[in-house]
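Here is the structure we will look at.
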Amino acid sequence: MSTALRVRQSVDDLPTRFADPDCETERRELISLGEGILAQVPKSWPRFQKWLQAIHGISDDACRSFSPEASLVTLSAVLRRLWMQVAHDSTDPHTRSPEREAKAKTPSGSEAAHGREGDLQQRLLEQRCFTYAPAPDGWSSDHLLFSGAQSGMTAILHWAIQHGFWHQHDSAEALIAGGTFETQALFDLFSRDGLRWRHAKTLDANNLASVPASLLVIEPVFFDEGVNVFDMKAFHDSWVRMDPSEPALIVLDTTLAGPLFSIDEFLAPLAGARAPTVIQIRSGLQLDQAGFELADCAIVSVFSDASSEFSARDVTNALRNIRAIIGAGLTLDEVAELEAPWFLDRTYFRRYSHAVFANNAALADALKARRGLLFERILHPRYALSEAPWAQAPFCTFHLHDGIVEHYRFVERVIAYEAERRGLMFDRGGGFGFRGHRYDAVVNDRGSPFLRVAMGARPGYSAVGVVHLMRDLATFENIGQLATRYKGLV
């Protein structure tokens with residue numbers, strides 16, 4: 001049992017401080033996270049003493065000039081800052097090019113193999129991945145971390161080109177079933193000297209057979225305005241009919257699906273004489289860090305069958321070398337920050353992700369009947385492929401009728417006004433998977449703008465209030481009617 005889970009059991013007998021059960025749940029969750037740190041780094045007790053006194057003592061009676069939820073938001077921010085201080089206490093004494101005799105240590109006291117920072121190996125964290133993402137029966141796996149999802153994908157593409165998975169033959173094209181515009185921009189950057197790629201909404205017999213691709217990139221849930229969903233059954237049915245003459249590399253970007261996409265189910269039909277090499281990559285910034293965003297990183301897991309052309313260990317060794325060459329590894333500070341006990345904790349990751357997905361599904365369900373008025377479309381993956389367990393997302397997308405960027409900026413101002421008027425903890429900002437709730441207008445040059453509402457893991461007043469706010473906005477017939485109602489914000 002992990003440290004975080006053992007500590008969680010110890011908070012079950014705490015006295016109740018808040019009448020609101022959602023606030024009380026969040027208070028106990030923060031206590032569990034804080035005491036998990038102390039269990040791992042006992043020497044940090046003096047730094048956390050005041051925080052522990054505050055969160056154990058906070059109550060409805062103490063919240064006179066602010067709401068219980070606001071107090072928990074503050075205590076959450078303080079917990080993050082305290083952990084960052086503990087992490088940096090262990091790394092600040094070391095220069096980026098340390099003396100040969102210097103022994104860098106992480107907050108828990110473990111020694112980090114530390115030469116030049118560009119050569120720093122993240123083996124201590126990577127060892128957690130073997131219990132966090134175990135290999136399915138019949139497959140072997142290995143794991144490594146990168147400084148971010150784009151740097152991880154960059155290294156994978158370098159390796160794919162080097163080993164002939166993406167090459168210059170007339171008919172050779174990489175195939176992307178996904179919508180992340182940064183990934184598409186990265187492929188554009190690599191698309192020179194005859195390298196080509198194409199986009200697909202799904203991977204079925206037509207897409208896979210028309211122009212064979214030995215490099216496939218799959219997002220189980222598309223990171224785009226349409227939040228399309230990967231049809232695994234259609235892919236498996238088509239895979240058995242593909243030309244087996246060339247080995248294949250499949251890259252799975254499971255950032256949005258989190259723990260819901262079953263790697264066991266995906267790999268099982270692919271084993272055998274022409275098993276592909278499969279690399280799973282996911283941003284570890286959002287759903288893996290309890291909503292605290294301690295450090296950007298990507299979690300990369302390589303899976304190989306006995307008949308795969310490359311073993312998982314050989315691939316990760318090559319990727320580590322590329323990581324050092326392109327400077328895509330974690331810094332010593334980031335390694336220390338990510339030693340937080342909840343990072344790469346399989347059970348906590350699943351529980352936290354479930355809370356985020358549940359809040360966003362509730363928002364989507366509440367707004368489902370309001371589509372067609374102010375918002376032409378309100379999208380969530382569960383409406384694209386409801387039978388798929390991974391058809392969830394940490395946000396919903398809202399699309400205005402013929403909306404231009406200025407219209408979306410106006411809607412942002414209306415939301416900000418209403419959130420303050422209603423006393424909601426609802427912040428304008430990018431990203432998703434936080435403890436709290438956010439919204440922002442997403443604008444890029446690869447598609448139409450849209451509004452993203454990213455519900456966080458925290459239950460309670462604001463979670464319910466955001467649903468009511470968005471439901472109220474959706475009752476307006478058009479942007480003109482909204483502008484008349486909020487003419488002071490135009």
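How things are named: the first chain in the structure tokens is A, the next is B, and so on; residues count from 1 in each chain; ligands count from 1 in the order shown.
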
Please tabulate, as CSV, the residues of stretch 340-366 of chain A that come within 10 Å of stretch 119-143 of chain A, each with its closest pair of atoms and the distance in Å to one decimal, counting only C-alpha atoms and ordering rows by chain, then residue number upward.
```
residue,atom,partner,partner_atom,distance
A:Phe343,CA,A:Leu125,CA,8.9
A:Leu344,CA,A:Tyr132,CA,5.9
A:Asp345,CA,A:Tyr132,CA,6.2
A:Arg346,CA,A:Tyr132,CA,4.7
A:Thr347,CA,A:Tyr132,CA,8.3
A:Phe349,CA,A:Tyr132,CA,9.0
```

Within 12 Å of stretch 412-420 of chain A, counting only C-alpha atoms, which residues show up once you throw out same-chain ones fewer than 5 positions away? Write them as a PyMOL selection string, please. chain A and resi 398+405-407+425-429+437-442+450-453+461-474+479+482-490

Same residues, C-alpha atoms, saved as a CSV table (one decimal), in the first residue's frame:
```csv
chain,number,residue,atom,x,y,z
A,398,PHE,CA,-18.8,25.1,-26.2
A,405,VAL,CA,-12.6,35.3,-31.5
A,406,GLU,CA,-14.2,38.6,-30.2
A,407,HIS,CA,-17.4,36.8,-29.4
A,425,MET,CA,-14.3,29.7,-7.5
A,426,PHE,CA,-14.1,29.7,-11.3
A,427,ASP,CA,-11.0,31.0,-12.8
A,428,ARG,CA,-10.0,32.0,-16.4
A,429,GLY,CA,-7.0,30.1,-17.5
A,437,HIS,CA,-12.5,24.8,-12.1
A,438,ARG,CA,-11.3,26.9,-15.1
A,439,TYR,CA,-12.5,28.2,-18.4
A,440,ASP,CA,-10.8,29.8,-21.4
A,441,ALA,CA,-11.3,30.6,-25.1
A,442,VAL,CA,-9.1,28.3,-27.1
A,450,PHE,CA,-14.1,27.4,-28.9
A,451,LEU,CA,-14.8,27.8,-25.2
A,452,ARG,CA,-13.3,25.2,-22.9
A,453,VAL,CA,-14.7,24.6,-19.4
A,461,TYR,CA,-20.7,24.9,-4.1
A,462,SER,CA,-18.6,26.1,-7.1
A,463,ALA,CA,-18.8,22.8,-9.0
A,464,VAL,CA,-22.6,23.0,-8.8
A,465,GLY,CA,-22.6,26.7,-9.4
A,466,VAL,CA,-20.5,26.5,-12.6
A,467,VAL,CA,-23.1,24.0,-14.0
A,468,HIS,CA,-25.9,26.5,-13.2
A,469,LEU,CA,-23.9,29.4,-14.6
A,470,MET,CA,-23.3,27.6,-17.9
A,471,ARG,CA,-26.8,26.4,-18.1
A,472,ASP,CA,-28.1,30.0,-17.7
A,473,LEU,CA,-25.8,31.3,-20.4
A,474,ALA,CA,-27.0,28.5,-22.7
A,479,ILE,CA,-24.7,36.5,-29.0
A,482,LEU,CA,-26.3,38.1,-24.6
A,483,ALA,CA,-24.7,41.5,-25.5
A,484,THR,CA,-28.0,43.3,-24.8
A,485,ARG,CA,-28.2,41.7,-21.3
A,486,TYR,CA,-24.5,42.4,-20.5
A,487,LYS,CA,-24.1,45.6,-22.5
A,488,GLY,CA,-21.7,47.0,-19.9
A,489,LEU,CA,-19.2,44.3,-20.7
A,490,VAL,CA,-19.3,44.7,-24.5
```

Just asking: which residues within stretch 301-389 of chain A are alpha helix (DSSP H) according to DSSP, as number ranges by chain? A: 312-326, 332-337, 346-367

Give me, as a VMD selection string, all polymer residues having an atom no more than 6 Å from stretch 386-392 of chain A, counting only C-alpha atoms and skipping those fewer than 6 positions away in the same chain. chain A and resid 257 260 to 261

Go ahead and save the residues from that selection, with C-alpha atoms, as an mmCIF file, in the first residue's frame.
```cif
data_model
loop_
_atom_site.group_PDB
_atom_site.id
_atom_site.type_symbol
_atom_site.label_atom_id
_atom_site.label_comp_id
_atom_site.auth_asym_id
_atom_site.auth_seq_id
_atom_site.Cartn_x
_atom_site.Cartn_y
_atom_site.Cartn_z
ATOM 1 C CA ALA A 257 -8.166 9.553 -21.273
ATOM 2 C CA LEU A 260 -9.492 4.861 -18.529
ATOM 3 C CA PHE A 261 -7.831 3.619 -21.714
#
```

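With only C-alpha atoms as the atoms that count, the residue of A:Gly460, A:Leu52, A:Gln150, A:Ala324 with the shortest distance to A:Phe18 is A:Gly460.
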
Quick one: pull the distance between atom CA of A:Arg351 and atom CA of A:Gly148, Å, one decimal. 23.3 Å

For A:Leu252, work out the shell of residues within 10 Å, counting only C-alpha atoms and skipping chain neighbours fewer than 5 positions away, then give it as JSON, numbers by chain. {"A": [177, 178, 216, 217, 218, 219, 220, 261, 263, 278, 279, 280, 281, 282, 300, 301]}

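Going from atom CA of A:Asp89 over to atom CA of A:Gly329, you cover 20.8 Å.
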
Fewer than 2 positions away in the same chain doesn't count, so skip those; otherwise give me all residues within 7 Å of stretch 226-231 of chain A, counting only C-alpha atoms, as a CSV table (one decimal) with N, CA and C atoms, in the first residue's frame.
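Final output, saved to result24.csv:
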```csv
chain,number,residue,atom,x,y,z
A,202,THR,N,-10.6,8.5,-37.5
A,202,THR,CA,-10.6,7.2,-36.8
A,202,THR,C,-9.7,6.3,-37.6
A,219,GLU,N,-4.8,9.1,-30.5
A,219,GLU,CA,-5.3,9.7,-29.3
A,219,GLU,C,-6.7,9.1,-29.0
A,220,PRO,N,-6.8,8.3,-27.9
A,220,PRO,CA,-8.1,7.7,-27.6
A,220,PRO,C,-9.2,8.7,-27.5
A,221,VAL,N,-8.9,9.9,-27.0
A,221,VAL,CA,-9.8,11.0,-27.0
A,221,VAL,C,-9.1,12.2,-27.7
A,222,PHE,N,-9.6,12.7,-28.8
A,222,PHE,CA,-8.9,13.8,-29.6
A,222,PHE,C,-8.9,15.0,-28.7
A,223,PHE,N,-7.7,15.6,-28.8
A,223,PHE,CA,-7.5,16.9,-28.1
A,223,PHE,C,-7.8,18.0,-29.1
A,224,ASP,N,-9.1,18.2,-29.5
A,224,ASP,CA,-9.5,19.2,-30.4
A,224,ASP,C,-10.9,19.6,-30.0
A,233,LYS,N,-12.4,-1.2,-31.4
A,233,LYS,CA,-12.9,-2.4,-32.1
A,233,LYS,C,-12.7,-2.3,-33.6
A,234,ALA,N,-13.0,-1.2,-34.2
A,234,ALA,CA,-12.9,-1.0,-35.6
A,234,ALA,C,-11.4,-1.1,-36.0
A,235,PHE,N,-10.5,-0.6,-35.1
A,235,PHE,CA,-9.1,-0.7,-35.4
A,235,PHE,C,-8.6,-2.1,-35.3
A,379,LEU,N,-20.0,19.8,-26.5
A,379,LEU,CA,-19.4,18.5,-26.8
A,379,LEU,C,-18.7,17.9,-25.7
A,380,HIS,N,-18.8,16.6,-25.6
A,380,HIS,CA,-18.1,15.8,-24.6
A,380,HIS,C,-17.9,14.4,-25.2
A,381,PRO,N,-16.8,13.7,-25.0
A,381,PRO,CA,-16.6,12.4,-25.6
A,381,PRO,C,-17.7,11.4,-25.5
A,384,ALA,N,-19.8,10.9,-28.4
A,384,ALA,CA,-19.2,10.5,-29.6
A,384,ALA,C,-19.2,9.0,-29.7
A,385,LEU,N,-18.9,8.3,-28.6
A,385,LEU,CA,-18.8,6.8,-28.5
A,385,LEU,C,-19.1,6.4,-27.1
A,391,ALA,N,-14.3,7.1,-23.1
A,391,ALA,CA,-15.0,8.3,-23.7
A,391,ALA,C,-15.3,9.3,-22.6
```

Neighbour list for A:Leu285 as a list in words, cut-off 6 Å, only C-alpha atoms, skip fewer than 6 positions in-chain: Glu293, Asp296 and Cys297 of chain A

Just the residues within 7 Å of A:Arg435, please, counting only C-alpha atoms, with nothing from its chain fewer than 6 positions along; format it as a list in words. Gly291, Gly456, Ala457 and Arg458 of chain A

Keeping only N, CA and C atoms, write the selected residues as a CSV table (one decimal), in the first residue's frame.
```csv
chain,number,residue,atom,x,y,z
A,291,GLY,N,-3.6,18.0,-9.1
A,291,GLY,CA,-4.0,19.3,-9.5
A,291,GLY,C,-3.1,20.4,-9.1
A,456,GLY,N,-12.7,20.9,-12.3
A,456,GLY,CA,-11.6,20.2,-11.5
A,456,GLY,C,-12.2,19.1,-10.7
A,457,ALA,N,-11.3,18.6,-9.7
A,457,ALA,CA,-11.7,17.5,-8.9
A,457,ALA,C,-12.5,17.9,-7.7
A,458,ARG,N,-12.5,19.2,-7.3
A,458,ARG,CA,-13.1,19.6,-6.1
A,458,ARG,C,-14.7,19.6,-6.2
```

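Remark: for A:Phe165, the closest of the candidate residues A:Ile58, A:Ile326, A:Ile37, A:Val251 is A:Val251 (distances computed over only C-alpha atoms).
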